[in-house]
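One file, start_8.csv, carrying CSV, N, CA and C atoms:
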chain,number,residue,atom,x,y,z
G,1,MET,N,-0.8,2.7,6.7
G,1,MET,CA,0.5,3.3,7.0
G,1,MET,C,0.5,4.8,6.5
G,2,LEU,N,1.0,5.7,7.3
G,2,LEU,CA,1.1,7.1,7.0
G,2,LEU,C,2.5,7.5,6.9
G,3,ASN,N,2.9,8.0,5.7
G,3,ASN,CA,4.3,8.5,5.5
G,3,ASN,C,4.2,10.0,5.3
G,4,VAL,N,4.6,10.7,6.3
G,4,VAL,CA,4.4,12.2,6.3
G,4,VAL,C,5.6,12.8,5.6
G,5,LYS,N,5.3,13.6,4.6
G,5,LYS,CA,6.4,14.3,3.8
G,5,LYS,C,6.5,15.8,4.1
G,6,CYS,N,5.8,16.2,5.2
G,6,CYS,CA,5.7,17.6,5.6
G,6,CYS,C,5.6,17.7,7.1
G,7,GLU,N,6.6,17.2,7.8
G,7,GLU,CA,6.6,17.2,9.3
G,7,GLU,C,6.3,18.5,9.9
G,8,GLU,N,6.9,19.6,9.4
G,8,GLU,CA,6.7,20.9,10.0
G,8,GLU,C,5.3,21.4,9.8
G,9,HIS,N,4.7,21.2,8.6
G,9,HIS,CA,3.3,21.6,8.4
G,9,HIS,C,2.4,20.7,9.3
G,10,LEU,N,2.6,19.4,9.4
G,10,LEU,CA,1.8,18.6,10.3
G,10,LEU,C,1.8,19.1,11.7
G,11,GLU,N,3.0,19.4,12.2
G,11,GLU,CA,3.1,20.0,13.6
G,11,GLU,C,2.3,21.3,13.8
G,12,THR,N,2.4,22.1,12.8
G,12,THR,CA,1.7,23.4,12.8
G,12,THR,C,0.2,23.2,12.8
G,13,VAL,N,-0.3,22.3,12.0
G,13,VAL,CA,-1.7,22.0,11.9
G,13,VAL,C,-2.2,21.3,13.2
G,14,LYS,N,-1.4,20.4,13.7
G,14,LYS,CA,-1.7,19.7,14.9
G,14,LYS,C,-1.9,20.7,16.1
G,15,LYS,N,-1.0,21.7,16.1
G,15,LYS,CA,-1.1,22.8,17.2
G,15,LYS,C,-2.3,23.6,17.0
G,16,PHE,N,-2.6,23.9,15.7
G,16,PHE,CA,-3.9,24.7,15.4
G,16,PHE,C,-5.1,23.9,15.9
G,17,ALA,N,-5.1,22.6,15.6
G,17,ALA,CA,-6.2,21.7,16.0
G,17,ALA,C,-6.4,21.7,17.5
G,18,GLU,N,-5.3,21.6,18.2
G,18,GLU,CA,-5.3,21.6,19.7
G,18,GLU,C,-5.9,22.9,20.2
G,19,GLU,N,-5.4,24.0,19.7
G,19,GLU,CA,-5.8,25.4,20.1
G,19,GLU,C,-7.3,25.6,19.9
G,20,THR,N,-7.8,25.0,18.8
G,20,THR,CA,-9.2,25.3,18.5
G,20,THR,C,-10.2,24.2,18.9
G,21,GLY,N,-9.7,23.2,19.7
G,21,GLY,CA,-10.5,22.2,20.3
G,21,GLY,C,-11.0,21.1,19.3
G,22,VAL,N,-10.3,20.9,18.2
G,22,VAL,CA,-10.7,19.9,17.2
G,22,VAL,C,-9.6,18.8,17.0
G,23,LEU,N,-8.7,18.7,18.0
G,23,LEU,CA,-7.6,17.7,17.8
G,23,LEU,C,-8.1,16.3,17.6
G,24,GLU,N,-9.1,15.9,18.4
G,24,GLU,CA,-9.6,14.5,18.2
G,24,GLU,C,-10.1,14.3,16.8
G,25,GLN,N,-10.8,15.2,16.3
G,25,GLN,CA,-11.3,15.0,14.9
G,25,GLN,C,-10.2,15.0,13.9
G,26,PHE,N,-9.1,15.8,14.1
G,26,PHE,CA,-7.9,15.9,13.3
G,26,PHE,C,-7.3,14.5,13.3
G,27,ASN,N,-7.0,14.0,14.5
G,27,ASN,CA,-6.4,12.7,14.7
G,27,ASN,C,-7.2,11.5,14.1
G,28,ASN,N,-8.5,11.6,14.2
G,28,ASN,CA,-9.4,10.6,13.6
G,28,ASN,C,-9.3,10.6,12.1
G,29,THR,N,-9.2,11.8,11.5
G,29,THR,CA,-9.1,11.8,10.0
G,29,THR,C,-7.7,11.3,9.6
G,30,LEU,N,-6.6,11.6,10.3
G,30,LEU,CA,-5.3,11.0,10.0
G,30,LEU,C,-5.3,9.5,10.1
G,31,GLU,N,-6.0,9.0,11.2
G,31,GLU,CA,-6.1,7.6,11.4
G,31,GLU,C,-6.9,6.9,10.2
G,32,TYR,N,-7.9,7.6,9.8
G,32,TYR,CA,-8.7,7.1,8.7
G,32,TYR,C,-7.8,6.9,7.4
G,33,LEU,N,-7.0,7.9,7.1
G,33,LEU,CA,-6.1,7.8,6.0
G,33,LEU,C,-5.1,6.7,6.2
G,34,SER,N,-4.5,6.6,7.4
G,34,SER,CA,-3.4,5.7,7.6
G,34,SER,C,-3.9,4.2,7.6
G,35,THR,N,-5.2,4.0,7.8
G,35,THR,CA,-5.7,2.6,7.8
G,35,THR,C,-6.6,2.3,6.6
G,36,TYR,N,-6.7,3.2,5.7
G,36,TYR,CA,-7.6,3.1,4.5
G,36,TYR,C,-7.2,1.9,3.7
G,37,GLY,N,-8.1,1.0,3.3
G,37,GLY,CA,-7.8,-0.1,2.4
G,37,GLY,C,-6.9,-1.2,3.1
G,38,THR,N,-6.5,-2.1,2.3
G,38,THR,CA,-5.7,-3.2,2.7
G,38,THR,C,-4.3,-3.1,2.1
G,39,ASN,N,-3.3,-3.3,2.9
G,39,ASN,CA,-1.9,-3.2,2.4
G,39,ASN,C,-1.6,-1.9,1.6
G,40,THR,N,-2.0,-0.8,2.3
G,40,THR,CA,-1.8,0.5,1.6
G,40,THR,C,-0.8,1.4,2.3
G,41,GLU,N,-0.3,2.4,1.6
G,41,GLU,CA,0.5,3.4,2.2
G,41,GLU,C,0.0,4.8,1.7
G,42,CYS,N,-0.2,5.7,2.7
G,42,CYS,CA,-0.6,7.1,2.4
G,42,CYS,C,0.5,8.0,2.6
G,43,GLU,N,0.9,8.8,1.5
G,43,GLU,CA,1.9,9.8,1.6
G,43,GLU,C,1.2,11.1,1.8
G,44,LEU,N,1.6,11.9,2.8
G,44,LEU,CA,0.9,13.1,3.2
G,44,LEU,C,1.8,14.3,2.9
G,45,PHE,N,1.3,15.3,2.1
G,45,PHE,CA,2.1,16.4,1.7
G,45,PHE,C,1.4,17.7,2.1
G,46,TYR,N,2.1,18.8,2.0
G,46,TYR,CA,1.6,20.2,2.3
G,46,TYR,C,0.6,20.5,1.2
G,47,ASP,N,-0.5,21.2,1.5
G,47,ASP,CA,-1.5,21.7,0.6
G,47,ASP,C,-1.6,23.2,0.7
G,48,PHE,N,-1.9,23.9,-0.3
G,48,PHE,CA,-2.0,25.3,-0.3
G,48,PHE,C,-3.2,25.8,0.6
G,49,ALA,N,-4.3,25.0,0.7
G,49,ALA,CA,-5.4,25.4,1.4
G,49,ALA,C,-5.1,25.4,2.9
G,50,PRO,N,-5.5,26.4,3.7
G,50,PRO,CA,-5.1,26.6,5.1
G,50,PRO,C,-5.5,25.3,5.9
G,51,HIS,N,-4.5,24.8,6.7
G,51,HIS,CA,-4.6,23.7,7.6
G,51,HIS,C,-5.0,22.4,6.9
G,52,SER,N,-4.6,22.3,5.6
G,52,SER,CA,-5.0,21.1,4.8
G,52,SER,C,-3.8,20.4,4.3
G,53,PHE,N,-4.1,19.2,3.7
G,53,PHE,CA,-3.0,18.3,3.2
G,53,PHE,C,-3.4,17.7,1.9
G,54,TYR,N,-2.5,17.5,1.1
G,54,TYR,CA,-2.6,16.7,-0.2
G,54,TYR,C,-2.1,15.3,0.2
G,55,PHE,N,-2.7,14.2,-0.4
G,55,PHE,CA,-2.2,12.9,-0.1
G,55,PHE,C,-2.2,12.1,-1.4
G,56,VAL,N,-1.4,11.0,-1.4
G,56,VAL,CA,-1.3,10.1,-2.5
G,56,VAL,C,-1.4,8.7,-1.8
G,57,MET,N,-2.3,7.9,-2.3
G,57,MET,CA,-2.5,6.5,-1.7
G,57,MET,C,-1.9,5.5,-2.7
G,58,TYR,N,-1.1,4.6,-2.1
G,58,TYR,CA,-0.5,3.5,-2.8
G,58,TYR,C,-0.8,2.2,-2.3
G,59,HIS,N,-0.8,1.2,-3.1
G,59,HIS,CA,-0.8,-0.2,-2.6
G,59,HIS,C,0.7,-0.5,-2.3
G,60,LYS,N,1.0,-1.0,-1.1
G,60,LYS,CA,2.4,-1.2,-0.7
G,60,LYS,C,3.0,-2.3,-1.5
G,61,GLU,N,4.4,-2.2,-1.5
G,61,GLU,CA,5.2,-3.2,-2.2
G,61,GLU,C,4.9,-4.5,-1.4
G,62,LYS,N,5.0,-5.6,-2.1
G,62,LYS,CA,4.9,-6.9,-1.5
G,62,LYS,C,5.9,-7.9,-2.0
G,63,GLY,N,6.3,-8.8,-1.2
G,63,GLY,CA,7.2,-9.8,-1.6
G,63,GLY,C,6.5,-11.1,-1.9
G,64,ILE,N,6.9,-11.7,-3.0
G,64,ILE,CA,6.3,-13.0,-3.4
G,64,ILE,C,7.4,-14.0,-3.6
G,65,THR,N,7.1,-15.2,-3.4
G,65,THR,CA,8.1,-16.3,-3.7
G,65,THR,C,7.6,-17.1,-4.9
G,66,LEU,N,8.5,-17.1,-5.9
G,66,LEU,CA,8.2,-17.9,-7.1
G,66,LEU,C,9.0,-19.2,-7.0
G,67,LYS,N,8.3,-20.3,-7.2
G,67,LYS,CA,9.0,-21.6,-7.2
G,67,LYS,C,9.3,-22.0,-8.6
G,68,ASN,N,10.4,-22.7,-8.7
G,68,ASN,CA,10.8,-23.2,-10.0
G,68,ASN,C,10.5,-24.7,-10.0
G,69,PHE,N,9.6,-25.1,-11.0
G,69,PHE,CA,9.1,-26.5,-11.0
G,69,PHE,C,9.7,-27.2,-12.3
G,70,GLU,N,9.9,-28.5,-12.1
G,70,GLU,CA,10.3,-29.3,-13.2
G,70,GLU,C,9.6,-30.6,-13.2
G,71,CYS,N,9.3,-31.1,-14.4
G,71,CYS,CA,8.7,-32.4,-14.5
G,71,CYS,C,9.9,-33.4,-14.7
G,72,SER,N,10.0,-34.4,-13.8
G,72,SER,CA,11.1,-35.3,-13.9
G,72,SER,C,11.0,-36.3,-15.1
G,73,HIS,N,9.8,-36.3,-15.7
G,73,HIS,CA,9.5,-37.2,-16.8
G,73,HIS,C,9.9,-36.6,-18.1
G,74,CYS,N,9.4,-35.4,-18.4
G,74,CYS,CA,9.7,-34.8,-19.7
G,74,CYS,C,10.6,-33.5,-19.6
G,75,LYS,N,11.0,-33.2,-18.4
G,75,LYS,CA,12.0,-32.0,-18.2
G,75,LYS,C,11.4,-30.7,-18.5
G,76,TRP,N,10.0,-30.6,-18.5
G,76,TRP,CA,9.3,-29.3,-18.6
G,76,TRP,C,9.6,-28.5,-17.4
G,77,THR,N,9.8,-27.2,-17.5
G,77,THR,CA,10.1,-26.3,-16.4
G,77,THR,C,9.2,-25.1,-16.4
G,78,GLU,N,8.9,-24.5,-15.2
G,78,GLU,CA,8.1,-23.3,-15.1
G,78,GLU,C,8.3,-22.6,-13.8
G,79,GLN,N,8.2,-21.3,-13.8
G,79,GLN,CA,8.3,-20.5,-12.5
G,79,GLN,C,6.9,-20.0,-12.2
G,80,SER,N,6.4,-20.3,-11.0
G,80,SER,CA,5.1,-19.9,-10.6
G,80,SER,C,5.0,-19.9,-9.1
G,81,GLU,N,3.9,-19.3,-8.5
G,81,GLU,CA,3.7,-19.3,-7.1
G,81,GLU,C,3.0,-20.6,-6.7
G,82,ILE,N,2.3,-21.2,-7.6
G,82,ILE,CA,1.5,-22.4,-7.3
G,82,ILE,C,2.0,-23.6,-8.1
G,83,LYS,N,2.1,-24.7,-7.4
G,83,LYS,CA,2.5,-26.0,-8.1
G,83,LYS,C,1.4,-26.6,-8.9
G,84,PRO,N,1.6,-26.9,-10.2
G,84,PRO,CA,0.6,-27.5,-11.0
G,84,PRO,C,0.3,-28.9,-10.5
G,85,ASP,N,-0.9,-29.4,-10.6
G,85,ASP,CA,-1.3,-30.7,-10.2
G,85,ASP,C,-0.6,-31.8,-11.1
G,86,VAL,N,-0.6,-31.5,-12.4
G,86,VAL,CA,0.1,-32.4,-13.3
G,86,VAL,C,0.9,-31.5,-14.3
G,87,CYS,N,1.8,-32.2,-15.0
G,87,CYS,CA,2.6,-31.5,-15.9
G,87,CYS,C,1.8,-31.1,-17.1
G,88,PRO,N,1.8,-29.8,-17.5
G,88,PRO,CA,0.9,-29.3,-18.6
G,88,PRO,C,1.4,-29.8,-20.0
G,89,GLN,N,2.7,-30.3,-20.0
G,89,GLN,CA,3.2,-30.8,-21.3
G,89,GLN,C,3.0,-32.3,-21.5
G,90,CYS,N,3.2,-33.1,-20.5
G,90,CYS,CA,3.1,-34.5,-20.7
G,90,CYS,C,1.9,-35.2,-19.9
G,91,GLY,N,1.3,-34.4,-19.0
G,91,GLY,CA,0.2,-34.9,-18.2
G,91,GLY,C,0.7,-35.7,-17.0
G,92,GLY,N,2.0,-35.9,-16.8
G,92,GLY,CA,2.4,-36.7,-15.7
G,92,GLY,C,2.3,-36.0,-14.4
G,93,ASN,N,2.4,-36.8,-13.3
G,93,ASN,CA,2.3,-36.2,-12.0
G,93,ASN,C,3.6,-36.2,-11.2
G,94,SER,N,4.7,-36.0,-12.0
G,94,SER,CA,6.0,-36.0,-11.3
G,94,SER,C,6.6,-34.6,-11.4
G,95,VAL,N,5.8,-33.6,-11.1
G,95,VAL,CA,6.3,-32.2,-11.0
G,95,VAL,C,6.9,-32.0,-9.6
G,96,ARG,N,8.1,-31.4,-9.6
G,96,ARG,CA,8.8,-31.2,-8.3
G,96,ARG,C,9.4,-29.8,-8.3
G,97,ILE,N,9.6,-29.3,-7.1
G,97,ILE,CA,10.3,-28.0,-6.9
G,97,ILE,C,11.8,-28.1,-7.1
G,98,ILE,N,12.4,-27.3,-7.9
G,98,ILE,CA,13.9,-27.4,-8.0
G,98,ILE,C,14.5,-26.1,-7.6
G,99,GLY,N,13.8,-25.1,-7.0
G,99,GLY,CA,14.4,-23.9,-6.5
G,99,GLY,C,13.3,-22.9,-6.3
G,100,CYS,N,13.7,-21.7,-5.7
G,100,CYS,CA,12.8,-20.6,-5.4
G,100,CYS,C,13.5,-19.3,-5.7
G,101,THR,N,12.7,-18.3,-6.0
G,101,THR,CA,13.1,-16.9,-6.2
G,101,THR,C,12.2,-16.0,-5.5
G,102,HIS,N,12.8,-15.1,-4.7
G,102,HIS,CA,12.0,-14.1,-4.0
G,102,HIS,C,12.0,-12.8,-4.8
G,103,LYS,N,10.8,-12.3,-5.1
G,103,LYS,CA,10.6,-11.1,-5.9
G,103,LYS,C,9.8,-10.0,-5.1
G,104,ILE,N,10.2,-8.8,-5.3
G,104,ILE,CA,9.6,-7.7,-4.6
G,104,ILE,C,8.8,-6.9,-5.7
G,105,GLU,N,7.5,-6.7,-5.5
G,105,GLU,CA,6.7,-5.9,-6.4
G,105,GLU,C,6.7,-4.5,-5.8
G,106,PRO,N,7.0,-3.4,-6.5
G,106,PRO,CA,7.1,-2.1,-6.0
G,106,PRO,C,5.7,-1.6,-5.7
G,107,LYS,N,5.6,-0.5,-4.8
G,107,LYS,CA,4.3,0.1,-4.5
G,107,LYS,C,3.7,0.7,-5.8
G,108,LYS,N,2.4,0.7,-5.8
G,108,LYS,CA,1.7,1.2,-7.1
G,108,LYS,C,0.7,2.3,-6.7
G,109,PHE,N,0.7,3.3,-7.5
G,109,PHE,CA,-0.2,4.4,-7.3
G,109,PHE,C,-1.7,3.9,-7.3
G,110,TRP,N,-2.5,4.3,-6.4
G,110,TRP,CA,-3.9,3.9,-6.4
G,110,TRP,C,-4.8,5.1,-6.6
G,111,PHE,N,-4.7,6.2,-5.8
G,111,PHE,CA,-5.4,7.4,-6.1
G,111,PHE,C,-4.8,8.5,-5.2
G,112,ASN,N,-5.3,9.8,-5.5
G,112,ASN,CA,-4.8,10.9,-4.7
G,112,ASN,C,-6.0,11.7,-4.2
G,113,GLY,N,-5.8,12.7,-3.3
G,113,GLY,CA,-6.9,13.5,-2.9
G,113,GLY,C,-6.4,14.6,-1.9
G,114,GLY,N,-7.3,15.1,-1.1
G,114,GLY,CA,-7.0,16.1,-0.1
G,114,GLY,C,-7.7,15.8,1.2
G,115,MET,N,-7.0,16.2,2.3
G,115,MET,CA,-7.5,16.2,3.6
G,115,MET,C,-7.8,17.7,3.9
G,116,ILE,N,-9.0,18.1,3.7
G,116,ILE,CA,-9.3,19.6,3.6
G,116,ILE,C,-9.9,20.0,4.9
G,117,PHE,N,-9.5,21.2,5.4
G,117,PHE,CA,-10.1,21.8,6.6
G,117,PHE,C,-11.1,22.8,6.1
G,118,HIS,N,-12.3,22.7,6.7
G,118,HIS,CA,-13.4,23.6,6.3
G,118,HIS,C,-14.4,23.6,7.5
G,119,ILE,N,-14.7,24.8,8.0
G,119,ILE,CA,-15.7,25.0,9.0
G,119,ILE,C,-15.4,24.1,10.2
G,120,ASN,N,-14.2,24.2,10.8
G,120,ASN,CA,-13.8,23.5,12.0
G,120,ASN,C,-13.8,22.0,11.9
G,121,LYS,N,-13.5,21.4,10.7
G,121,LYS,CA,-13.3,20.0,10.6
G,121,LYS,C,-12.6,19.6,9.4
G,122,TRP,N,-12.0,18.4,9.3
G,122,TRP,CA,-11.3,17.9,8.2
G,122,TRP,C,-12.1,16.9,7.5
G,123,SER,N,-12.1,16.9,6.2
G,123,SER,CA,-12.8,15.9,5.4
G,123,SER,C,-11.9,15.4,4.3
G,124,VAL,N,-12.1,14.2,3.9
G,124,VAL,CA,-11.2,13.6,2.8
G,124,VAL,C,-12.0,13.7,1.5
G,125,HIS,N,-11.3,14.2,0.5
G,125,HIS,CA,-11.8,14.4,-0.8
G,125,HIS,C,-10.9,13.8,-1.9
G,126,THR,N,-11.5,13.0,-2.8
G,126,THR,CA,-10.7,12.4,-3.9
G,126,THR,C,-11.3,12.8,-5.2

Would you mind writing the file out in structure tokens?
Amino acid sequence: MLNVKCEEHLETVKKFAEETGVLEQFNNTLEYLSTYGTNTECELFYDFAPHSFYFVMYHKEKGITLKNFECSHCKWTEQSEIKPDVCPQCGGNSVRIIGCTHKIEPKKFWFNGGMIFHINKWSVHT
């Protein structure tokens, strides 16, 4: 996913790429950044180098469901994504779900770099 933080700069560079015959290569490099990794988000910013961009790559936020478990024998409770096979306290097999909680984990910084224009092409540098 590509989150552009510099729309005006993007349009200016896109126009430059079209005028100089390198629009396809420009679009391919943007596509590379937007699909890099699994479950990622790339934020694209203005860079001081001509026709270039600074980027920050994040692992996107994700939602998880935590289940509340209880042993009906000893009343042990725990919150987890996975149901235990047996109760860790008494060893019984009477663990049941008593509720659920949905939790959102925020996006996390992964790395940053530049989409740098040099000699009629863009390349990604980290």

- Using only C-alpha atoms, find the one residue out of G:Thr101, G:Ser52, G:Thr40, G:Thr65 that sits nearest to Ile116 (chain G). G:Ser52

- Query: Running DSSP on the backbone, which parts of chain G land in helix (DSSP H, G or I), as a list in words?
  - Reply: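 So the helix (DSSP H, G or I) residues in chain G would be Glu7, Glu8, His9, Leu10, Glu11, Thr12, Val13, Lys14, Lys15, Phe16, Ala17, Glu18, Glu19, Leu23, Glu24, Gln25, Phe26, Asn27, Asn28, Thr29, Leu30, Glu31, Tyr32, Leu33 and Ser34 of chain G.
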
- Select from chain G everything DSSP, run on the backbone, classes as strand (DSSP E), then give the selection as a VMD selection string. chain G and resid 2 to 4 40 to 46 53 to 59 62 to 71 77 to 80 95 to 105 108 to 117 122 to 125

- Task: Using all atoms listed in the file, collect all residues at a distance of at most 8 Å from (-7.4, 28.1, 9.7) as written in the file, then present them as a ChimeraX atom specification.
- Result: /G:16,49-52,117-118,120

- Item | Shortest interatomic distance to Lys103 (chain G) - which of G:Gln89, G:Ser80, G:Gln25, G:Asn39, counting only C-alpha atoms |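 Among the listed residues, the smallest separation from Lys103 (chain G) belongs to G:Ser80.
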
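Between Lys5 (chain G) and the residues G:Cys74, G:His102, G:Lys108, G:Cys42, the shortest atom-to-atom distance, using only N, CA and C atoms, involves G:Cys42.
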
- Using only N, CA and C atoms, find the one residue out of G:Leu2, G:Lys75, G:Trp110, G:Phe69 that sits nearest to Arg96 (chain G). G:Phe69

- Give as a list in words the set of residues within 10 Å of the point (10.4, -1.3, 2.1), where distances use the file's coordinates and only C-alpha atoms. Lys60, Glu61, Lys62, Gly63, Ile104, Pro106 and Lys107 of chain G

- Can you work out the spacing between CA of Leu66 (chain G) and CA of Val95 (chain G) in Å, to one decimal?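 These atoms are spaced 14.9 Å apart.
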
- Query: Which of these, G:Cys100, G:Val56, G:Leu23, G:Cys90, has the shortest distance to Leu44 (chain G) once you count only N, CA and C atoms?
  - Reply: G:Val56

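When only C-alpha atoms are used to measure the gap to Val4 (chain G), the shortest distance among G:Lys67, G:Ala17, G:Asn27, G:Glu43 belongs to G:Glu43.
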
- Hey, can you check how far CA of Phe45 (chain G) sits from CA of Lys15 (chain G)?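 Those two atoms sit 17.1 Å apart.
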
- Query: By how many Å are CA of Thr29 (chain G) and CA of Met115 (chain G) apart?
  - Reply: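 So the answer is 7.9 Å.
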